[in-house]
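Here the structure is laid out as structure tokens; the discussion comes afterwards.
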Amino acid sequence: MTDVWSERADAYRESEAHRQGRDLELLEEWAAGKTVLDVATGGGHVAARLRDAGCQVVTCDSAPGMQPDVICRAEDLPFADASFGVVTCRVAAHHFEDPAAAVQEFARVSSDLVLVADNLYLGDAGEEADRLRDPTHVRNYGVEEWRVLFEQAGLEVADERLLQRPLEIEPWLDRAETPAADRERVKELLADRIADGWMDLPTLVLKGTKV
């Protein structure tokens, strides 16, 4: 799995869909002036935005090819308790084997805030499409499920935003190198959401504070 993500590193670093968005802007606003751990940093877009804003940022990722500061799983962060003011994780948790353990780790190493943005669960068809597009996909979660994950980790949801992120279908499929036959099935499964080669991707952004 890690090798797959290392192979995709350049595609994610160059991804326009990951380079911008209201979710990214919110993470920047909420993390302002803090020391930050960016978990599953991927193409590094959160880290770059926060560093430009003057934050001190450490990045971690399980894929060496993503060139993080620290190579580790989200469920097993090698940092002391309250090492960072803020932990961020953007559009990655749907790949985690154990998101509950990951959020608990986020809360443990943060002294103040945990900021998570991720795609929302939209039913069985959406999950099948995500898995066909990219076999590393584990599962998207609903709003209530995310609230429970935060509560179980000792986090209070201080702010919650539901956004619609515009997503161009063909580059999305290209990033995961989805085979031709599966591409057509993905489009069939998402047909009611696709218009002119684009779809809106419901994304939840959560700001959690330590209780």
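Lettering and numbering for the structure tokens are positional, with chains as A, B, ... in the shown order, residues counted from 1 in each chain, and ligands counted from 1 in the shown order.
Considering only range 103-184 of chain A, backbone DSSP assigns strand (DSSP E) to Ser110, Ser111, Asp112, Leu113, Val114, Leu115, Val116, Ala117, Asp118, Asn119, Leu155, Glu156, Val157, Ala158, Asp159, Glu160, Arg161, Leu162, Leu163, Gln164, Arg165, Pro166, Leu167 and Glu168 of chain A.
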Output file for the selection above: N, CA, C and O atoms, as a compact mmCIF listing (two decimals), in the first residue's frame:
```txt
# COMPACT_ATOMS: atom_id res chain seq x y z
N SER A 110 -2.00 16.53 20.32
CA SER A 110 -2.39 17.93 20.24
C SER A 110 -2.62 18.51 21.63
O SER A 110 -3.17 17.84 22.50
N SER A 111 -2.24 19.76 21.81
CA SER A 111 -2.52 20.45 23.08
C SER A 111 -3.76 21.32 22.98
O SER A 111 -4.26 21.79 24.00
N ASP A 112 -4.28 21.50 21.77
CA ASP A 112 -5.36 22.47 21.59
C ASP A 112 -6.41 22.00 20.60
O ASP A 112 -7.56 21.73 20.98
N LEU A 113 -6.06 21.88 19.31
CA LEU A 113 -7.04 21.65 18.26
C LEU A 113 -6.73 20.41 17.43
O LEU A 113 -5.57 20.08 17.20
N VAL A 114 -7.78 19.77 16.95
CA VAL A 114 -7.69 18.72 15.92
C VAL A 114 -8.60 19.15 14.78
O VAL A 114 -9.80 19.38 14.98
N LEU A 115 -8.02 19.28 13.59
CA LEU A 115 -8.76 19.74 12.42
C LEU A 115 -8.75 18.65 11.36
O LEU A 115 -7.69 18.23 10.89
N VAL A 116 -9.93 18.19 10.99
CA VAL A 116 -10.05 17.10 10.01
C VAL A 116 -11.01 17.52 8.91
O VAL A 116 -12.10 18.05 9.17
N ALA A 117 -10.61 17.26 7.68
CA ALA A 117 -11.50 17.42 6.52
C ALA A 117 -11.51 16.10 5.77
O ALA A 117 -10.44 15.53 5.51
N ASP A 118 -12.70 15.61 5.43
CA ASP A 118 -12.76 14.37 4.67
C ASP A 118 -14.07 14.27 3.90
O ASP A 118 -15.06 14.94 4.22
N ASN A 119 -14.05 13.42 2.87
CA ASN A 119 -15.23 13.18 2.06
C ASN A 119 -16.30 12.48 2.90
O ASN A 119 -15.98 11.68 3.78
N LEU A 155 -12.67 14.94 22.30
CA LEU A 155 -12.69 16.20 21.57
C LEU A 155 -14.12 16.74 21.49
O LEU A 155 -15.06 15.99 21.23
N GLU A 156 -14.27 18.02 21.68
CA GLU A 156 -15.55 18.69 21.51
C GLU A 156 -15.57 19.38 20.16
O GLU A 156 -14.62 20.10 19.81
N VAL A 157 -16.61 19.17 19.38
CA VAL A 157 -16.71 19.80 18.07
C VAL A 157 -17.07 21.28 18.26
O VAL A 157 -18.19 21.62 18.62
N ALA A 158 -16.08 22.15 18.01
CA ALA A 158 -16.28 23.59 18.19
C ALA A 158 -16.79 24.26 16.94
O ALA A 158 -17.39 25.33 17.00
N ASP A 159 -16.55 23.64 15.79
CA ASP A 159 -17.05 24.17 14.52
C ASP A 159 -17.16 23.01 13.54
O ASP A 159 -16.38 22.06 13.60
N GLU A 160 -18.13 23.14 12.64
CA GLU A 160 -18.42 22.05 11.70
C GLU A 160 -18.94 22.68 10.42
O GLU A 160 -19.90 23.44 10.46
N ARG A 161 -18.30 22.37 9.31
CA ARG A 161 -18.72 22.94 8.03
C ARG A 161 -18.93 21.81 7.01
O ARG A 161 -18.08 20.94 6.87
N LEU A 162 -20.01 21.88 6.29
CA LEU A 162 -20.28 20.95 5.21
C LEU A 162 -20.13 21.71 3.90
O LEU A 162 -20.87 22.65 3.64
N LEU A 163 -19.14 21.31 3.11
CA LEU A 163 -18.81 22.01 1.88
C LEU A 163 -19.07 21.12 0.67
O LEU A 163 -19.11 19.90 0.78
N GLN A 164 -19.20 21.75 -0.47
CA GLN A 164 -19.26 21.05 -1.75
C GLN A 164 -18.00 21.39 -2.53
O GLN A 164 -17.82 22.52 -2.96
N ARG A 165 -17.13 20.39 -2.69
CA ARG A 165 -15.88 20.61 -3.43
C ARG A 165 -16.07 20.16 -4.87
O ARG A 165 -16.36 19.00 -5.13
N PRO A 166 -15.90 21.06 -5.85
CA PRO A 166 -16.01 20.66 -7.26
C PRO A 166 -14.85 19.75 -7.65
O PRO A 166 -13.69 20.03 -7.32
N LEU A 167 -15.16 18.66 -8.34
CA LEU A 167 -14.15 17.67 -8.69
C LEU A 167 -14.30 17.29 -10.15
O LEU A 167 -15.37 16.86 -10.60
N GLU A 168 -13.22 17.42 -10.91
CA GLU A 168 -13.23 17.01 -12.31
C GLU A 168 -12.97 15.51 -12.39
O GLU A 168 -11.97 15.02 -11.85
```
Please provide as a compact mmCIF listing (two decimals) with C-alpha atoms, in the first residue's frame all residues within 6 Å of range 127-138 of chain A, with the sequence filter that same-chain residues fewer than 6 positions apart are discarded (counting only C-alpha atoms).
```
# COMPACT_ATOMS: atom_id res chain seq x y z
CA HIS A 94 -11.10 7.37 4.31
CA HIS A 95 -7.88 5.41 3.64
CA ALA A 176 -5.53 6.59 -9.06
CA THR A 178 -8.10 3.47 -12.58
CA VAL A 186 -17.38 4.35 -11.63
```
Spatial neighbours of Gln104 in chain A, 6 Å, only C-alpha atoms, chain gap at least 3 places, as a ChimeraX atom specification: /A:101,107,153
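Remark: for Gly85 in chain A, the closest of the candidate residues A:Thr59, A:Gln152, A:Gln67, A:Thr35 is A:Thr35 (distances computed over only C-alpha atoms).
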Spatial neighbours of Ile71 in chain A, max dist 7 Å, only C-alpha atoms, sep filter under 5 positions, as a list in words: Cys60, Asp61, Ser62, Ala63 and Pro64 of chain A
Can those selected residues be exported to a file as a PDB file, in the first residue's frame so that it contains all heavy atoms?
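Below is the file out.pdb, written as the result:
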```pdb
ATOM      1  N   CYS A  60       3.823  14.209   8.450  1.00  0.00           N
ATOM      2  CA  CYS A  60       4.034  12.762   8.537  1.00  0.00           C
ATOM      3  C   CYS A  60       3.130  12.058   7.536  1.00  0.00           C
ATOM      4  O   CYS A  60       2.065  12.559   7.176  1.00  0.00           O
ATOM      5  CB  CYS A  60       3.834  12.235   9.957  1.00  0.00           C
ATOM      6  SG  CYS A  60       2.143  12.314  10.586  1.00  0.00           S
ATOM      7  N   ASP A  61       3.587  10.903   7.086  1.00  0.00           N
ATOM      8  CA  ASP A  61       2.846  10.118   6.109  1.00  0.00           C
ATOM      9  C   ASP A  61       3.430   8.711   6.126  1.00  0.00           C
ATOM     10  O   ASP A  61       4.608   8.532   6.448  1.00  0.00           O
ATOM     11  CB  ASP A  61       2.990  10.737   4.709  1.00  0.00           C
ATOM     12  CG  ASP A  61       1.895  10.286   3.750  1.00  0.00           C
ATOM     13  OD1 ASP A  61       1.896   9.110   3.354  1.00  0.00           O
ATOM     14  OD2 ASP A  61       1.037  11.115   3.406  1.00  0.00           O
ATOM     15  N   SER A  62       2.608   7.730   5.778  1.00  0.00           N
ATOM     16  CA  SER A  62       3.108   6.352   5.751  1.00  0.00           C
ATOM     17  C   SER A  62       3.892   6.046   4.478  1.00  0.00           C
ATOM     18  O   SER A  62       4.590   5.033   4.411  1.00  0.00           O
ATOM     19  CB  SER A  62       1.938   5.364   5.878  1.00  0.00           C
ATOM     20  OG  SER A  62       1.044   5.518   4.790  1.00  0.00           O
ATOM     21  N   ALA A  63       3.773   6.905   3.459  1.00  0.00           N
ATOM     22  CA  ALA A  63       4.438   6.676   2.175  1.00  0.00           C
ATOM     23  C   ALA A  63       5.720   7.490   2.076  1.00  0.00           C
ATOM     24  O   ALA A  63       5.668   8.719   2.048  1.00  0.00           O
ATOM     25  CB  ALA A  63       3.503   7.031   1.030  1.00  0.00           C
ATOM     26  N   PRO A  64       6.871   6.852   1.990  1.00  0.00           N
ATOM     27  CA  PRO A  64       8.137   7.593   1.877  1.00  0.00           C
ATOM     28  C   PRO A  64       8.178   8.522   0.667  1.00  0.00           C
ATOM     29  O   PRO A  64       8.773   9.598   0.731  1.00  0.00           O
ATOM     30  CB  PRO A  64       9.179   6.473   1.754  1.00  0.00           C
ATOM     31  CG  PRO A  64       8.560   5.277   2.387  1.00  0.00           C
ATOM     32  CD  PRO A  64       7.094   5.388   2.093  1.00  0.00           C
TER      33      PRO A  64
END
```
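The spacing separating CA of Val87 in chain A from CA of Trp172 in chain A amounts to 26.3 Å.
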Test item: residues at most 9 Å from Arg175 in chain A, only C-alpha atoms, excluding those fewer than 3 positions along its chain, as a PyMOL selection string: chain A and resi 8+11-12+15+170-172+178
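Shortest separation to Arg139 in chain A among A:Leu204, A:Ala93, A:Val103, A:Ala31 occurs at residue A:Ala93, atoms counted being only C-alpha atoms.
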